[in-house]
$ cat final14.cif   # mmCIF, C-alpha atoms
data_start
#
loop_
_atom_site.label_atom_id
_atom_site.label_comp_id
_atom_site.auth_asym_id
_atom_site.auth_seq_id
_atom_site.Cartn_x
_atom_site.Cartn_y
_atom_site.Cartn_z
CA MET A 4 -39.29 -23.92 -55.07
CA VAL A 5 -36.40 -25.80 -56.65
CA ALA A 6 -32.96 -24.44 -55.98
CA ARG A 7 -30.66 -23.90 -58.91
CA VAL A 8 -27.39 -25.82 -59.07
CA GLY A 9 -24.59 -23.81 -57.52
CA SER A 10 -26.90 -21.94 -55.19
CA PHE A 11 -28.14 -22.55 -51.61
CA SER A 12 -31.64 -23.20 -50.50
CA GLY A 13 -33.07 -20.94 -47.76
CA VAL A 14 -32.25 -23.58 -45.15
CA GLU A 15 -28.70 -23.94 -46.42
CA LYS A 16 -28.26 -20.16 -46.41
CA MET A 17 -29.44 -19.95 -42.81
CA ALA A 18 -27.14 -22.82 -41.83
CA LYS A 19 -24.17 -21.16 -43.49
CA THR A 20 -25.01 -17.83 -41.86
CA SER A 21 -25.24 -19.52 -38.47
CA ARG A 22 -21.88 -21.26 -39.02
CA LEU A 23 -20.26 -17.98 -40.00
CA ARG A 24 -21.69 -16.27 -36.95
CA LEU A 25 -20.40 -19.08 -34.71
CA ILE A 26 -16.96 -18.83 -36.29
CA ALA A 27 -16.99 -15.06 -35.84
CA VAL A 28 -17.99 -15.42 -32.21
CA ALA A 29 -15.33 -18.08 -31.63
CA VAL A 30 -12.63 -15.97 -33.27
CA GLY A 31 -13.78 -12.90 -31.36
CA THR A 32 -13.79 -14.81 -28.09
CA PHE A 33 -10.32 -16.21 -28.78
CA CYS A 34 -8.97 -12.78 -29.68
CA GLY A 35 -10.66 -11.37 -26.62
CA LEU A 36 -8.99 -13.98 -24.44
CA LEU A 37 -5.64 -13.14 -25.99
CA LEU A 38 -6.28 -9.44 -25.44
CA ASN A 39 -7.35 -9.98 -21.86
CA ALA A 40 -4.28 -12.13 -21.21
CA THR A 41 -2.07 -9.46 -22.72
CA GLN A 42 -3.77 -6.76 -20.68
CA ALA A 43 -3.42 -8.85 -17.53
CA ALA A 44 0.27 -9.37 -18.18
CA ALA A 45 0.73 -5.66 -18.81
CA ALA A 46 -1.31 -4.61 -15.77
CA THR A 47 1.76 -4.85 -13.52
CA ALA A 48 5.19 -3.64 -14.53
CA VAL A 49 8.52 -2.73 -12.98
CA VAL A 50 9.13 1.02 -12.93
CA VAL A 51 12.65 0.88 -11.52
CA GLY A 52 14.81 -1.75 -9.86
CA PHE A 53 16.86 -1.50 -6.67
CA THR A 54 19.99 -3.39 -5.71
CA ALA A 55 19.87 -5.11 -2.32
CA PRO A 56 20.24 -4.20 0.45
CA ALA A 57 19.27 -0.63 -0.56
CA ASN A 58 15.64 -1.53 -1.29
CA PRO A 59 12.52 0.67 -0.84
CA GLU A 60 10.04 0.21 2.00
CA SER A 61 7.46 3.04 2.10
CA ILE A 62 6.16 5.36 -0.61
CA THR A 63 4.31 8.65 -0.98
CA ILE A 64 3.60 10.76 -4.09
CA ASP A 65 3.09 14.51 -4.31
CA HIS A 66 0.68 16.47 -6.52
CA LYS A 67 3.34 16.87 -9.21
CA GLY A 68 3.90 13.15 -9.52
CA ASN A 69 7.22 13.08 -7.67
CA ILE A 70 7.62 9.72 -5.94
CA PHE A 71 9.34 9.56 -2.55
CA MET A 72 10.49 6.21 -1.13
CA SER A 73 12.20 5.30 2.12
CA VAL A 74 15.31 3.11 1.91
CA PRO A 75 15.75 1.80 5.47
CA LEU A 76 19.14 0.11 5.21
CA ALA A 77 20.61 3.16 3.46
CA ALA A 78 19.06 5.56 6.01
CA LYS A 79 17.61 7.83 3.34
CA VAL A 80 14.60 8.87 1.33
CA VAL A 81 14.95 8.87 -2.44
CA GLU A 82 12.95 10.79 -5.03
CA LEU A 83 11.91 9.65 -8.49
CA THR A 84 10.80 12.60 -10.58
CA PRO A 85 8.50 12.20 -13.62
CA GLY A 86 10.52 11.14 -16.63
CA SER A 87 13.53 10.06 -14.58
CA ALA A 88 15.01 6.60 -15.04
CA GLN A 89 16.55 6.35 -11.57
CA PRO A 90 15.74 7.84 -8.16
CA ALA A 91 18.11 10.27 -6.49
CA THR A 92 18.77 10.88 -2.80
CA PHE A 93 16.27 13.37 -1.42
CA ALA A 94 17.24 13.41 2.27
CA SER A 95 19.64 11.47 4.50
CA PHE A 96 18.98 10.40 8.09
CA THR A 97 20.91 8.92 11.00
CA GLY A 98 18.76 5.81 11.31
CA GLY A 99 16.57 3.43 9.39
CA VAL A 100 13.65 5.21 7.72
CA LEU A 101 10.35 3.36 7.43
CA GLY A 102 7.08 5.23 6.87
CA VAL A 103 7.01 8.34 4.70
CA ARG A 104 4.01 10.59 4.13
CA LEU A 105 3.30 14.07 2.76
CA ASP A 106 1.02 16.63 4.40
CA ALA A 107 -1.31 19.07 2.65
CA THR A 108 1.44 21.67 2.24
CA GLY A 109 3.95 19.29 0.65
CA ASP A 110 6.10 18.76 3.75
CA LEU A 111 7.48 15.22 4.01
CA PHE A 112 7.34 13.30 7.28
CA ALA A 113 9.51 10.25 7.95
CA ALA A 114 9.41 7.66 10.74
CA VAL A 115 12.92 6.73 11.89
CA VAL A 116 13.45 3.64 14.01
CA GLY A 117 14.76 4.39 17.49
CA GLN A 118 14.36 8.13 17.08
CA GLY A 119 10.94 9.44 16.13
CA ILE A 120 9.33 11.53 13.42
CA TYR A 121 11.27 13.87 11.17
CA GLU A 122 9.96 16.61 8.90
CA VAL A 123 11.49 17.86 5.67
CA ARG A 124 9.79 21.08 4.70
CA ASP A 125 8.69 21.63 1.13
CA GLY A 126 11.56 23.07 -0.89
CA GLU A 127 14.19 21.90 1.62
CA ARG A 128 16.30 18.77 2.03
CA THR A 129 17.30 18.85 5.72
CA PRO A 130 15.33 16.59 8.09
CA VAL A 131 14.33 18.05 11.46
CA LEU A 132 13.25 15.85 14.38
CA VAL A 133 9.76 17.07 15.32
CA ALA A 134 8.43 14.26 17.52
CA SER A 135 9.85 11.63 19.86
CA PRO A 136 8.59 9.89 23.00
CA PRO A 137 9.59 11.05 26.49
CA LYS A 138 13.12 10.09 27.53
CA GLY A 139 13.28 6.53 28.79
CA SER A 140 10.13 5.40 26.96
CA PRO A 141 10.28 1.87 25.50
CA GLU A 142 8.76 2.84 22.13
CA SER A 143 11.23 2.70 19.25
CA PHE A 144 9.78 0.87 16.21
CA TRP A 145 8.10 3.84 14.50
CA ASN A 146 6.56 2.59 11.29
CA GLY A 147 3.32 3.44 9.43
CA MET A 148 1.83 6.93 9.24
CA ALA A 149 -1.38 8.64 8.11
CA PHE A 150 -2.85 12.16 8.26
CA ASP A 151 -6.47 12.85 9.10
CA HIS A 152 -8.46 15.71 7.55
CA ARG A 153 -7.53 17.97 10.47
CA GLY A 154 -3.81 17.58 9.88
CA ASN A 155 -3.11 15.25 12.81
CA LEU A 156 -0.50 12.60 12.05
CA TYR A 157 -1.09 9.07 13.37
CA VAL A 158 1.99 6.86 13.75
CA SER A 159 2.18 3.13 14.51
CA GLU A 160 4.67 1.65 16.95
CA SER A 161 5.09 -1.94 15.79
CA THR A 162 6.77 -3.67 18.73
CA LEU A 163 4.38 -2.61 21.50
CA GLY A 164 1.25 -2.42 19.34
CA GLU A 165 0.48 1.26 19.79
CA VAL A 166 -0.72 4.26 17.81
CA TRP A 167 0.70 7.68 18.62
CA ARG A 168 -0.59 11.03 17.40
CA LEU A 169 1.39 14.09 16.41
CA SER A 170 -1.19 16.84 16.79
CA ARG A 171 -1.16 20.10 14.92
CA ASP A 172 -0.05 21.86 18.11
CA GLY A 173 3.15 19.77 18.06
CA SER A 174 2.28 17.45 20.95
CA PHE A 175 3.21 13.78 20.47
CA THR A 176 1.30 11.35 22.69
CA LYS A 177 0.21 7.72 22.81
CA TRP A 178 -3.27 7.72 21.32
CA ALA A 179 -4.25 4.05 21.38
CA SER A 180 -3.03 0.62 22.44
CA SER A 181 -4.73 -2.77 22.20
CA ASN A 182 -3.93 -6.47 22.25
CA LEU A 183 -5.31 -6.52 18.71
CA LEU A 184 -2.37 -4.35 17.65
CA VAL A 185 0.32 -6.56 19.18
CA GLY A 186 2.25 -9.03 17.01
CA THR A 187 3.63 -12.48 17.77
CA THR A 188 6.69 -14.69 17.24
CA ALA A 189 4.47 -17.76 16.85
CA ALA A 190 3.68 -19.52 13.59
CA VAL A 191 0.39 -18.02 12.41
CA CYS A 192 -0.02 -19.25 8.84
CA GLY A 193 2.16 -22.33 8.99
CA ARG A 194 5.36 -20.51 9.92
CA PRO A 195 6.55 -17.43 11.80
CA HIS A 196 6.59 -14.20 9.85
CA PRO A 197 9.85 -13.78 7.85
CA ALA A 198 10.67 -10.60 9.79
CA ILE A 199 11.29 -12.76 12.87
CA ALA A 200 14.11 -14.68 11.21
CA ALA A 201 15.43 -11.45 9.74
CA GLY A 202 15.86 -10.01 13.23
CA PHE A 203 13.18 -7.31 13.08
CA GLY A 204 11.24 -8.86 15.95
CA ILE A 205 7.48 -8.91 16.21
CA ILE A 206 5.58 -6.53 13.94
CA GLY A 207 2.06 -5.84 15.09
CA ALA A 208 0.68 -2.38 14.29
CA ASN A 209 2.04 -1.32 10.92
CA GLY A 210 0.28 0.42 8.04
CA ILE A 211 -2.19 3.02 9.24
CA PHE A 212 -5.04 4.77 7.41
CA VAL A 213 -7.97 7.10 8.01
CA ASN A 214 -11.21 6.23 6.19
CA LYS A 215 -13.91 8.65 5.04
CA HIS A 216 -15.74 8.30 8.36
CA GLY A 217 -12.63 9.38 10.25
CA ASP A 218 -11.96 5.92 11.69
CA VAL A 219 -8.33 4.90 12.05
CA LEU A 220 -7.52 1.54 10.41
CA VAL A 221 -4.32 -0.25 11.40
CA ASN A 222 -2.78 -3.35 9.81
CA ASN A 223 -1.44 -6.05 12.13
CA THR A 224 1.35 -7.67 10.14
CA ASP A 225 1.98 -10.81 12.19
CA PHE A 226 -1.69 -11.79 12.56
CA GLY A 227 -2.94 -10.71 9.12
CA SER A 228 -5.70 -8.39 10.24
CA VAL A 229 -6.99 -4.85 9.88
CA VAL A 230 -8.01 -3.23 13.16
CA ARG A 231 -10.56 -0.41 13.31
CA ILE A 232 -10.31 2.31 15.95
CA PRO A 233 -13.13 4.88 15.93
CA VAL A 234 -12.32 8.46 16.89
CA ASN A 235 -14.48 9.80 19.72
CA PRO A 236 -16.00 13.30 19.47
CA ASP A 237 -13.29 14.64 21.79
CA GLY A 238 -10.56 13.16 19.54
CA SER A 239 -9.68 10.27 21.83
CA ALA A 240 -9.51 6.68 20.65
CA GLY A 241 -12.54 4.42 20.84
CA THR A 242 -12.49 0.68 21.35
CA ALA A 243 -10.38 -1.28 18.87
CA THR A 244 -12.07 -4.13 16.99
CA ASN A 245 -11.04 -6.43 14.16
CA PHE A 246 -12.32 -4.91 10.91
CA ALA A 247 -10.93 -7.58 8.54
CA GLY A 248 -9.27 -10.86 9.43
CA PRO A 249 -7.27 -12.32 11.04
CA ASN A 250 -6.85 -14.37 7.89
CA CYS A 251 -3.95 -15.90 6.00
CA ALA A 252 -4.99 -13.95 2.88
CA LEU A 253 -4.03 -10.83 4.87
CA TRP A 254 -0.98 -12.34 6.55
CA GLY A 255 1.89 -9.88 6.36
CA ALA A 256 -0.45 -6.88 6.05
CA ASP A 257 2.03 -4.04 5.80
CA GLY A 258 1.34 -0.66 4.21
CA GLY A 259 -1.34 0.31 1.74
CA ALA A 260 -3.60 3.03 0.40
CA ILE A 261 -7.28 3.98 0.24
CA ASP A 262 -9.14 4.70 -3.00
CA ASN A 263 -11.94 7.23 -3.47
CA GLN A 264 -14.57 4.52 -2.90
CA ASP A 265 -13.11 3.92 0.58
CA ASN A 266 -11.60 0.56 -0.32
CA LEU A 267 -8.33 -0.21 1.46
CA TRP A 268 -5.60 -1.77 -0.67
CA VAL A 269 -3.18 -3.78 1.46
CA ALA A 270 0.34 -4.91 0.62
CA GLY A 271 0.57 -8.45 2.03
CA ASN A 272 4.31 -8.80 2.27
CA SER A 273 4.78 -12.42 3.37
CA GLY A 274 2.24 -13.76 0.88
CA ASN A 275 3.30 -11.55 -2.05
CA LYS A 276 -0.28 -10.37 -2.42
CA ILE A 277 -2.26 -7.20 -2.95
CA VAL A 278 -5.54 -7.50 -1.07
CA LYS A 279 -8.62 -5.31 -1.49
CA VAL A 280 -10.65 -4.62 1.68
CA ASP A 281 -13.96 -2.88 1.06
CA SER A 282 -15.63 -0.35 3.34
CA SER A 283 -17.53 -3.13 5.15
CA GLY A 284 -14.42 -5.19 5.90
CA ASN A 285 -14.94 -7.79 3.18
CA PHE A 286 -11.68 -8.68 1.50
CA SER A 287 -10.38 -10.50 -1.55
CA VAL A 288 -6.99 -11.10 -3.10
CA PHE A 289 -6.59 -8.73 -6.04
CA SER A 290 -3.16 -9.76 -7.29
CA THR A 291 -0.53 -12.43 -6.79
CA SER A 292 1.68 -11.16 -9.61
CA THR A 293 5.07 -12.84 -9.82
CA LEU A 294 6.55 -9.33 -9.79
CA LEU A 295 5.47 -8.90 -6.16
CA ASN A 296 8.52 -9.49 -3.98
CA PHE A 297 7.68 -8.84 -0.31
CA PRO A 298 5.54 -5.75 -1.11
CA THR A 299 5.50 -3.26 1.75
CA ASP A 300 3.57 -0.14 0.73
CA ILE A 301 1.24 1.36 -1.87
CA ALA A 302 0.53 4.87 -3.16
CA PHE A 303 -1.85 5.94 -5.92
CA GLY A 304 -0.61 8.05 -8.78
CA THR A 305 -1.61 11.71 -8.72
CA GLY A 306 -1.16 12.84 -12.34
CA ARG A 307 -3.61 12.90 -15.21
CA GLY A 308 -4.25 9.36 -16.43
CA ASP A 309 -2.32 8.01 -13.45
CA ARG A 310 -4.84 8.09 -10.61
CA LYS A 311 -6.04 4.52 -11.21
CA VAL A 312 -2.49 3.23 -10.93
CA ALA A 313 -1.08 1.88 -7.68
CA TYR A 314 2.66 2.22 -7.14
CA ILE A 315 4.06 -0.55 -4.96
CA THR A 316 7.39 -0.84 -3.17
CA ASN A 317 9.04 -4.27 -2.99
CA LEU A 318 11.41 -4.62 -0.02
CA GLY A 319 12.59 -7.99 -1.32
CA LEU A 320 12.90 -9.94 1.95
CA ASN A 321 12.93 -13.63 1.07
CA ALA A 322 10.39 -16.07 2.45
CA GLN A 323 12.79 -17.50 5.02
CA GLY A 324 13.80 -14.05 6.23
CA SER A 325 17.45 -14.91 5.70
CA GLY A 326 18.28 -11.98 3.45
CA LEU A 327 17.19 -9.50 0.83
CA THR A 328 16.87 -10.11 -2.87
CA ASN A 329 16.82 -7.09 -5.17
CA GLY A 330 13.87 -4.76 -4.65
CA SER A 331 11.78 -2.70 -7.05
CA LEU A 332 9.07 -0.15 -7.60
CA LEU A 333 6.04 -1.53 -9.46
CA ARG A 334 3.03 0.05 -11.09
CA MET A 335 -0.25 -1.85 -11.10
CA ASP A 336 -3.49 -0.92 -12.82
CA ILE A 337 -6.23 -0.89 -10.16
CA GLY A 338 -9.15 0.55 -12.11
CA ILE A 339 -10.35 2.86 -9.31
CA PRO A 340 -8.91 6.33 -8.64
CA GLY A 341 -6.98 6.78 -5.44
CA ARG A 342 -8.23 9.12 -2.77
CA PRO A 343 -6.90 12.64 -3.36
CA MET A 344 -4.02 13.65 -1.13
CA PRO A 345 -4.73 15.79 1.98
#

$ encode --input "final14.cif" --output "structure tokens"
Amino acid sequence: MVARVGSFSGVEKMAKTSRLRLIAVAVGTFCGLLLNATQAAAATAVVVGFTAPANPESITIDHKGNIFMSVPLAAKVVELTPGSAQPATFASFTGGVLGVRLDATGDLFAAVVGQGIYEVRDGERTPVLVASPPKGSPESFWNGMAFDHRGNLYVSESTLGEVWRLSRDGSFTKWASSNLLVGTTAAVCGRPHPAIAAGFGIIGANGIFVNKHGDVLVNNTDFGSVVRIPVNPDGSAGTATNFAGPNCALWGADGGAIDNQDNLWVAGNSGNKIVKVDSSGNFSVFSTSTLLNFPTDIAFGTGRGDRKVAYITNLGLNAQGSGLTNGSLLRMDIGIPGRPMP
């Protein structure tokens, strides 16, 4: 068959079709790369900024989407309500507030350095001291907190490397201690942790979590590890073992949150990282966003369309530990829903 002038032979038509397909694929790939880059850039954003030294440290979110954050150097907890542009003071304390968590009834609990655990009942604004160690006890650096499914509150003491438990009956006792929970002043990942230079001292046991099996997981900030403590049938603590790390990817492991697949998301403060630790202890760096500025805690959103979003507090301590830069509250798309609140 002889092709007419101005037309294509079958081979030429196939070649042109192939070229067009390749061009379409190339354009689609390029546009896809642009879209993915745009999505990646938009995956983390600043929700609200804070002016140093009144920066946020810990975070918890209620069922209505109200965000509560501790502000240690201002001795208060602030609240950011949905639709608000700036947080407002929720409750004031007489000491530096670190960990904040909500129980199943909506009561807020706050760990105050040198004092103990305070409770602010739902609908009220006045903190009440509900737990402190016996008089003369050396424990003072109350920090991370987590509730189990029975309503017991586990609290980390960072200086001595301990976990205390505030039971439902109101008793407050040392539940666990281990060398794995103790921090250090030594250089672990090339330099001492910035908190040393800042005057906070060693920070061992910090963020604390309860997984779906009922095990208590505790971050060791100075060594960059996650320690697992099983709960015995009688409620006592089992033997502590390293669950993840020690590793420089986890160095500065501070607070965090667990998703509904039992992954632990860790705020690595000194490395400006968000690290994902799966239920077997395998871990990988999820984000090194430039918006991370000494991240200290994480909470998942609770509203519709918000449960796959992690809210992150930036304390803003600089790498040398010589001072605070401005802090912030970030939102980061995680892609997995957070575990429902107690």

$ resolve_selection --input "final14.cif" --expression "the PyMOL selection byres ((chain A and resi 338) around 9)" --output "number ranges by chain"
A: 310-312, 336-337, 339-340

$ write_last_selection --input "final14.cif" --atoms "C-alpha atoms" --output "PDB file, in the frame of the given file"
ATOM      1  CA  ARG A 310      -4.840   8.090 -10.610  1.00  0.00           C
ATOM      2  CA  LYS A 311      -6.040   4.520 -11.210  1.00  0.00           C
ATOM      3  CA  VAL A 312      -2.490   3.230 -10.930  1.00  0.00           C
ATOM      4  CA  ASP A 336      -3.490  -0.920 -12.820  1.00  0.00           C
ATOM      5  CA  ILE A 337      -6.230  -0.890 -10.160  1.00  0.00           C
ATOM      6  CA  ILE A 339     -10.350   2.860  -9.310  1.00  0.00           C
ATOM      7  CA  PRO A 340      -8.910   6.330  -8.640  1.00  0.00           C
TER       8      PRO A 340
END

$ closest_residue --input "final14.cif" --among "A:Lys79, A:Arg153, A:Lys177, A:His196" --to "Leu101 (chain A)" --atoms "all atoms listed in the file"
A:Lys79

$ closest_residue --input "final14.cif" --among "A:Lys279, A:Lys67, A:Lys215, A:Arg194" --to "Val234 (chain A)" --atoms "all atoms listed in the file"
A:Lys215

$ resolve_selection --input "final14.cif" --expression "the PyMOL selection byres ((chain A and resi 161) around 9)" --output "compact mmCIF listing (two decimals) with C-alpha atoms, in the frame of the given file"
# COMPACT_ATOMS: atom_id res chain seq x y z
CA GLU A 142 8.76 2.84 22.13
CA SER A 143 11.23 2.70 19.25
CA PHE A 144 9.78 0.87 16.21
CA TRP A 145 8.10 3.84 14.50
CA ASN A 146 6.56 2.59 11.29
CA GLY A 147 3.32 3.44 9.43
CA SER A 159 2.18 3.13 14.51
CA GLU A 160 4.67 1.65 16.95
CA THR A 162 6.77 -3.67 18.73
CA LEU A 163 4.38 -2.61 21.50
CA GLY A 164 1.25 -2.42 19.34
CA GLU A 165 0.48 1.26 19.79
CA VAL A 166 -0.72 4.26 17.81
CA LEU A 184 -2.37 -4.35 17.65
CA VAL A 185 0.32 -6.56 19.18
CA GLY A 186 2.25 -9.03 17.01
CA ILE A 205 7.48 -8.91 16.21
CA ILE A 206 5.58 -6.53 13.94
CA GLY A 207 2.06 -5.84 15.09
CA ALA A 208 0.68 -2.38 14.29
CA ASN A 209 2.04 -1.32 10.92
CA ASN A 223 -1.44 -6.05 12.13
CA THR A 224 1.35 -7.67 10.14

$ residues_around --input "final14.cif" --residues "region 172-176 of chain A" --least-positions-apart "2" --cutoff "8 Å" --atoms "only C-alpha atoms" --output "ChimeraX atom specification"
/A:133-136,167-170,178

$ closest_residue --input "final14.cif" --among "A:Gln118, A:Asn182, A:Ser87, A:Thr316" --to "Val74 (chain A)" --atoms "all atoms listed in the file"
A:Thr316

$ closest_residue --input "final14.cif" --among "A:Gly68, A:Asn245, A:Ser273, A:Asp262" --to "Pro195 (chain A)" --atoms "only C-alpha atoms"
A:Ser273
